[in-house]
Amino acid sequence: FPPGKRVFYCSSSIFPELRTELLARGWVENIDHKSSRFDFKWGLPRQFDYEHLLPHQIVNHSRELLELCTKTVLSQKLKSCRSITCDSFYPRAFNLSDTHDRACFDAAFWHSKAEAILIRLARHIDIAETMTFTYEVVAAALAFCVAPPNSYTEAKFRILRERFPHHWKVLQHANLDVASAHPGTPASGSDPQDCREGA
């Protein structure tokens with residue numbers, strides 16, 4: 001390498017813009033990710049020999065900070081703690097590569113939709129809106145809002161779907177942006193109070 005030149009390693013296939021900018025600023029590229037000859041190295045944690053980094057060498061990862069740098073790992077660690085819950089630490093998160101978490105995400109999504117219907121219904125009533133959701137849609141929303149979001153599990157969601165198959169179908173097809181009934185116009189066979197008592 002030319003004397004006096006700053007040397008860098010960067011995975012060009014993942015970070016081509018960084019490589020381009022460093023070259024434009026006169027840096028020299030070292031393409032060997034195992035080489036210890038560098039001033040700046042941008043790569044994966046496993047590519048760094050933290051024990052032998054020199055004072056002038058800079059890398060884009062800190063040692064043993066995977067739990068803070070990766071939300072999936074951080075969430076796993078928090079779930080194993082007894083003194084804190086993920087939901088109290090940051091908004092509820094899901095690892096969609098995990099089968100259980102994916103099912104919980106699905107349950108939370110539909111709970112959120114049901115909750116949104118009831119919130120919009122309340123707003124329609126407050127402003128004396130001429131059109132709102134049908135009793136059928138409101139009944140479906142009530143059926144799936146029987147528990148707080150942070151306690152809404154895949155098992156509880158599955159039980160509700162099996163217990164209220166008609167409400168589940170209505171909730172799936174309900175459009176949050178289209179209110180299609182005049183206030184106080186019930187759909188036949190759909191009474192929100194029946195649903196609330198049954199849940």
# chains A, B, ... in the order shown; residues from 1 in each chain; ligands from 1
call {"tool": "residues_around", "arguments": {"residues": "Ala155 (chain A)", "least_positions_apart": "2", "cutoff": "9 Å", "atoms": "only C-alpha atoms", "output": "list in words"}}
result
Ala103, Cys104, Ala107, Tyr152, Thr153, Phe157, Arg158, Ile159 and Leu160 of chain A
call {"tool": "write_last_selection", "arguments": {"atoms": "C-alpha atoms", "output": "compact mmCIF listing (two decimals), in the first residue's frame"}}
result
# COMPACT_ATOMS: atom_id res chain seq x y z
CA ALA A 103 -48.86 -16.18 15.03
CA CYS A 104 -48.86 -13.59 17.84
CA ALA A 107 -53.43 -12.02 16.47
CA TYR A 152 -53.51 -11.02 23.24
CA THR A 153 -51.94 -14.37 22.44
CA PHE A 157 -57.07 -15.47 19.19
CA ARG A 158 -57.63 -19.01 17.90
CA ILE A 159 -60.30 -19.63 20.55
CA LEU A 160 -62.12 -16.44 19.55
call {"tool": "residues_around", "arguments": {"residues": "Glu162 (chain A)", "least_positions_apart": "6", "cutoff": "12 Å", "atoms": "only C-alpha atoms", "output": "list in words"}}
result
Ala143, Phe144, Ala155, Lys156, Trp168, Lys169 and Ala199 of chain A
call {"tool": "select_by_dssp", "arguments": {"residues": "region 6-179 of chain A", "states": "helix (DSSP H, G or I)", "output": "JSON, numbers by chain"}}
result
{"A": [16, 17, 18, 19, 20, 21, 22, 23, 24, 45, 46, 47, 50, 51, 52, 66, 67, 68, 69, 71, 72, 73, 74, 75, 76, 77, 78, 79, 86, 87, 88, 89, 99, 100, 101, 102, 103, 104, 105, 106, 107, 108, 109, 110, 111, 112, 113, 114, 115, 116, 117, 118, 119, 120, 121, 122, 123, 124, 125, 126, 135, 136, 137, 138, 139, 140, 141, 142, 143, 149, 150, 151, 154, 155, 156, 157, 158, 159, 160, 161, 162, 163, 165, 166, 167, 168, 169, 170, 171, 172, 173]}
call {"tool": "select_by_dssp", "arguments": {"residues": "region 13-168 of chain A", "states": "strand (DSSP E or B)", "output": "list in words"}}
result
Val28, Glu29, Phe40, Lys41, Trp42, Ile58, Val59 and Thr132 of chain A
call {"tool": "closest_residue", "arguments": {"among": "A:Cys10, A:Val73, A:Ile58, A:Leu96", "to": "Gly43 (chain A)", "atoms": "only C-alpha atoms"}}
result
A:Cys10
